[in-house]
Amino acid sequence: RALVAGGGLAAPLAVLLNGGEEALLVGAAGFVASHPAAKHVGAFINVEASGADGPSVLFQQSSVAAAAAYAKGAARPRGTVIVQDAFDAGVLPADTDFRALAARGRGDGAAPGIDLALILGAEIYHTRHDVPSRLHPGTVQALGDDVVGVARALAATLADRAARGAAGLDDDAGGTAVYFDLLGRVMIVYSTATGFWLHLAPLPLALAAFLAAPR
């Protein structure tokens, strides 16, 4: 309703309501593997929760453009690539439908996207206390604000790329993104390829300083 009231989207929207996440992600995996609509998905937003409170946080992403759309569209962008690194390294003993939607890569029914989650109040997650009444006022509204804003940004990016004849959001030359927020007000996003050179830049400066130091 919020999307329609705001003038609609620049690209079609599909809403997937599935179960089976706790059973090895079979719901999302089944959609990707067998639903006719899966091959037409240009990008996705996976909405997740590891708790019952707090602002939504960017858990994971599979495209620089998708991460940039989150940074642009989220009302309060929050997240750091360190969390995604922990997922990828297996440090966090958890998984979300994001993996089922993003893992297959280009041309195989999957699409670039982002993984949003609530993370505060994790002590009641999957316990008998994990009930709707534990949701703090404003939590769902804040998550909805972010989802609506990011959906608009993703749709606009997809429409723009289609108009220019680009392949979609999975054609980023730099691969996945490095991202982090600054106090929830703005998010910095750049490709891992750019990050490689940015993170190497201090090394020659440090070496030059060492060589120039008096002995």
# chains A, B, ... in the order shown; residues from 1 in each chain; ligands from 1
>>> select_by_dssp(residues="segment 112-164 of chain A", states="helix (DSSP H, G or I)", output="MDAnalysis selection string")
chainID A and resid 122:124 132:134 139:163
>>> residues_around(residues="segment 4-10 of chain A", least_positions_apart="6", cutoff="10 Å", atoms="only C-alpha atoms", output="PyMOL selection string")
chain A and resi 148+151-160
>>> write_last_selection(atoms="C-alpha atoms", output="PDB file, in the first residue's frame")
ATOM      1  CA  VAL A 148      10.008   0.568   1.000  1.00  0.00           C
ATOM      2  CA  ALA A 151      12.583  -1.310  -3.024  1.00  0.00           C
ATOM      3  CA  ARG A 152      12.217   2.066  -4.708  1.00  0.00           C
ATOM      4  CA  ALA A 153      15.979   2.439  -5.098  1.00  0.00           C
ATOM      5  CA  LEU A 154      16.400  -1.073  -6.500  1.00  0.00           C
ATOM      6  CA  ALA A 155      13.500  -0.635  -8.933  1.00  0.00           C
ATOM      7  CA  ALA A 156      14.886   2.688 -10.153  1.00  0.00           C
ATOM      8  CA  THR A 157      18.342   1.162 -10.653  1.00  0.00           C
ATOM      9  CA  LEU A 158      16.911  -1.815 -12.561  1.00  0.00           C
ATOM     10  CA  ALA A 159      14.806   0.453 -14.775  1.00  0.00           C
ATOM     11  CA  ASP A 160      17.761   2.716 -15.482  1.00  0.00           C
TER      12      ASP A 160
END
>>> atom_distance(atom1="atom CA of Thr96 of chain A", atom2="atom CA of Gln141 of chain A")
21.7 Å
>>> closest_residue(among="A:Arg99, A:Arg185, A:Arg76, A:His40", to="Val57 of chain A", atoms="only C-alpha atoms")
A:Arg76
>>> residues_around(residues="Phe59 of chain A", least_positions_apart="3", cutoff="10 Å", atoms="only C-alpha atoms", output="PyMOL selection string")
chain A and resi 46-48+56+78-85+87+96+98+114-119
>>> select_by_dssp(residues="segment 5-213 of chain A", states="strand (DSSP E)", output="count of residues only")
35
>>> closest_residue(among="A:Pro77, A:Gly184, A:Gly42, A:Gly138", to="Ala102 of chain A", atoms="only C-alpha atoms")
A:Gly42
>>> closest_residue(among="A:Phe31, A:Phe180, A:Tyr125, A:Tyr70", to="Leu101 of chain A", atoms="only C-alpha atoms")
A:Phe31
>>> atom_distance(atom1="atom CA of Gly73 of chain A", atom2="atom CA of Pro36 of chain A")
28.5 Å
>>> residues_around(residues="Asp97 of chain A", least_positions_apart="6", cutoff="10 Å", atoms="only C-alpha atoms", output="PDB file with N, CA, C and O atoms, in the first residue's frame")
ATOM      1  N   ASN A  18       7.372 -17.340   2.329  1.00  0.00           N
ATOM      2  CA  ASN A  18       7.651 -18.779   2.362  1.00  0.00           C
ATOM      3  C   ASN A  18       8.073 -19.229   3.750  1.00  0.00           C
ATOM      4  O   ASN A  18       8.597 -18.438   4.540  1.00  0.00           O
ATOM      5  N   GLY A  19       7.875 -20.489   4.016  1.00  0.00           N
ATOM      6  CA  GLY A  19       8.392 -21.102   5.229  1.00  0.00           C
ATOM      7  C   GLY A  19       9.615 -21.927   4.884  1.00  0.00           C
ATOM      8  O   GLY A  19      10.243 -21.742   3.838  1.00  0.00           O
ATOM      9  N   GLY A  20       9.957 -22.837   5.769  1.00  0.00           N
ATOM     10  CA  GLY A  20      11.031 -23.775   5.488  1.00  0.00           C
ATOM     11  C   GLY A  20      12.432 -23.248   5.679  1.00  0.00           C
ATOM     12  O   GLY A  20      13.388 -23.938   5.326  1.00  0.00           O
ATOM     13  N   GLU A  21      12.568 -22.052   6.244  1.00  0.00           N
ATOM     14  CA  GLU A  21      13.929 -21.546   6.426  1.00  0.00           C
ATOM     15  C   GLU A  21      14.703 -22.385   7.432  1.00  0.00           C
ATOM     16  O   GLU A  21      15.878 -22.706   7.217  1.00  0.00           O
ATOM     17  N   GLU A  22      14.043 -22.741   8.516  1.00  0.00           N
ATOM     18  CA  GLU A  22      14.720 -23.514   9.551  1.00  0.00           C
ATOM     19  C   GLU A  22      15.011 -24.944   9.095  1.00  0.00           C
ATOM     20  O   GLU A  22      15.816 -25.643   9.703  1.00  0.00           O
ATOM     21  N   LEU A  24      16.669 -26.097   6.474  1.00  0.00           N
ATOM     22  CA  LEU A  24      17.688 -26.019   5.415  1.00  0.00           C
ATOM     23  C   LEU A  24      17.266 -25.149   4.236  1.00  0.00           C
ATOM     24  O   LEU A  24      17.616 -25.405   3.086  1.00  0.00           O
ATOM     25  N   LEU A  25      16.487 -24.109   4.521  1.00  0.00           N
ATOM     26  CA  LEU A  25      16.124 -23.098   3.518  1.00  0.00           C
ATOM     27  C   LEU A  25      15.318 -23.664   2.355  1.00  0.00           C
ATOM     28  O   LEU A  25      15.363 -23.128   1.244  1.00  0.00           O
ATOM     29  N   VAL A  26      14.550 -24.727   2.592  1.00  0.00           N
ATOM     30  CA  VAL A  26      13.900 -25.412   1.475  1.00  0.00           C
ATOM     31  C   VAL A  26      12.827 -24.562   0.796  1.00  0.00           C
ATOM     32  O   VAL A  26      12.549 -24.745  -0.398  1.00  0.00           O
ATOM     33  N   GLY A  27      12.212 -23.627   1.536  1.00  0.00           N
ATOM     34  CA  GLY A  27      11.190 -22.785   0.933  1.00  0.00           C
ATOM     35  C   GLY A  27      11.755 -21.881  -0.144  1.00  0.00           C
ATOM     36  O   GLY A  27      11.300 -21.892  -1.297  1.00  0.00           O
ATOM     37  N   ALA A  28      12.770 -21.106   0.202  1.00  0.00           N
ATOM     38  CA  ALA A  28      13.393 -20.204  -0.763  1.00  0.00           C
ATOM     39  C   ALA A  28      14.093 -20.982  -1.864  1.00  0.00           C
ATOM     40  O   ALA A  28      14.052 -20.606  -3.044  1.00  0.00           O
ATOM     41  N   ALA A  29      14.743 -22.074  -1.505  1.00  0.00           N
ATOM     42  CA  ALA A  29      15.433 -22.889  -2.508  1.00  0.00           C
ATOM     43  C   ALA A  29      14.445 -23.473  -3.507  1.00  0.00           C
ATOM     44  O   ALA A  29      14.735 -23.559  -4.709  1.00  0.00           O
ATOM     45  N   ASN A  46      15.717  -9.707   1.209  1.00  0.00           N
ATOM     46  CA  ASN A  46      15.338 -10.737   2.170  1.00  0.00           C
ATOM     47  C   ASN A  46      15.188 -10.086   3.544  1.00  0.00           C
ATOM     48  O   ASN A  46      16.116  -9.431   4.032  1.00  0.00           O
ATOM     49  N   VAL A  47      14.012 -10.255   4.160  1.00  0.00           N
ATOM     50  CA  VAL A  47      13.737  -9.658   5.467  1.00  0.00           C
ATOM     51  C   VAL A  47      13.863 -10.740   6.524  1.00  0.00           C
ATOM     52  O   VAL A  47      13.166 -11.752   6.485  1.00  0.00           O
ATOM     53  N   GLU A  48      14.743 -10.522   7.466  1.00  0.00           N
ATOM     54  CA  GLU A  48      15.135 -11.537   8.444  1.00  0.00           C
ATOM     55  C   GLU A  48      15.057 -10.939   9.849  1.00  0.00           C
ATOM     56  O   GLU A  48      14.956  -9.719  10.023  1.00  0.00           O
ATOM     57  N   ALA A 103      22.839 -17.725  -4.008  1.00  0.00           N
ATOM     58  CA  ALA A 103      23.991 -18.614  -4.191  1.00  0.00           C
ATOM     59  C   ALA A 103      24.172 -19.114  -5.611  1.00  0.00           C
ATOM     60  O   ALA A 103      25.282 -19.445  -6.012  1.00  0.00           O
ATOM     61  N   ASP A 115      20.255  -8.681   2.435  1.00  0.00           N
ATOM     62  CA  ASP A 115      19.706  -9.410   3.572  1.00  0.00           C
ATOM     63  C   ASP A 115      19.570  -8.423   4.730  1.00  0.00           C
ATOM     64  O   ASP A 115      20.574  -7.945   5.254  1.00  0.00           O
TER      65      ASP A 115
END
>>> residues_around(residues="Ala43 of chain A", least_positions_apart="2", cutoff="7 Å", atoms="only C-alpha atoms", output="ChimeraX atom specification")
/A:41,111-113
>>> residues_around(residues="Tyr190 of chain A", least_positions_apart="6", cutoff="8 Å", atoms="only C-alpha atoms", output="VMD selection string")
chain A and resid 64 177 to 179
>>> atom_distance(atom1="atom CA of Asp95 of chain A", atom2="atom CA of Ala37 of chain A")
23.7 Å
>>> closest_residue(among="A:Ala2, A:Ile45, A:Ala52, A:Ala213", to="His126 of chain A", atoms="only C-alpha atoms")
A:Ala52
>>> closest_residue(among="A:Ala212, A:Gly51, A:Glu123, A:Ser62", to="Ala100 of chain A", atoms="only C-alpha atoms")
A:Ser62
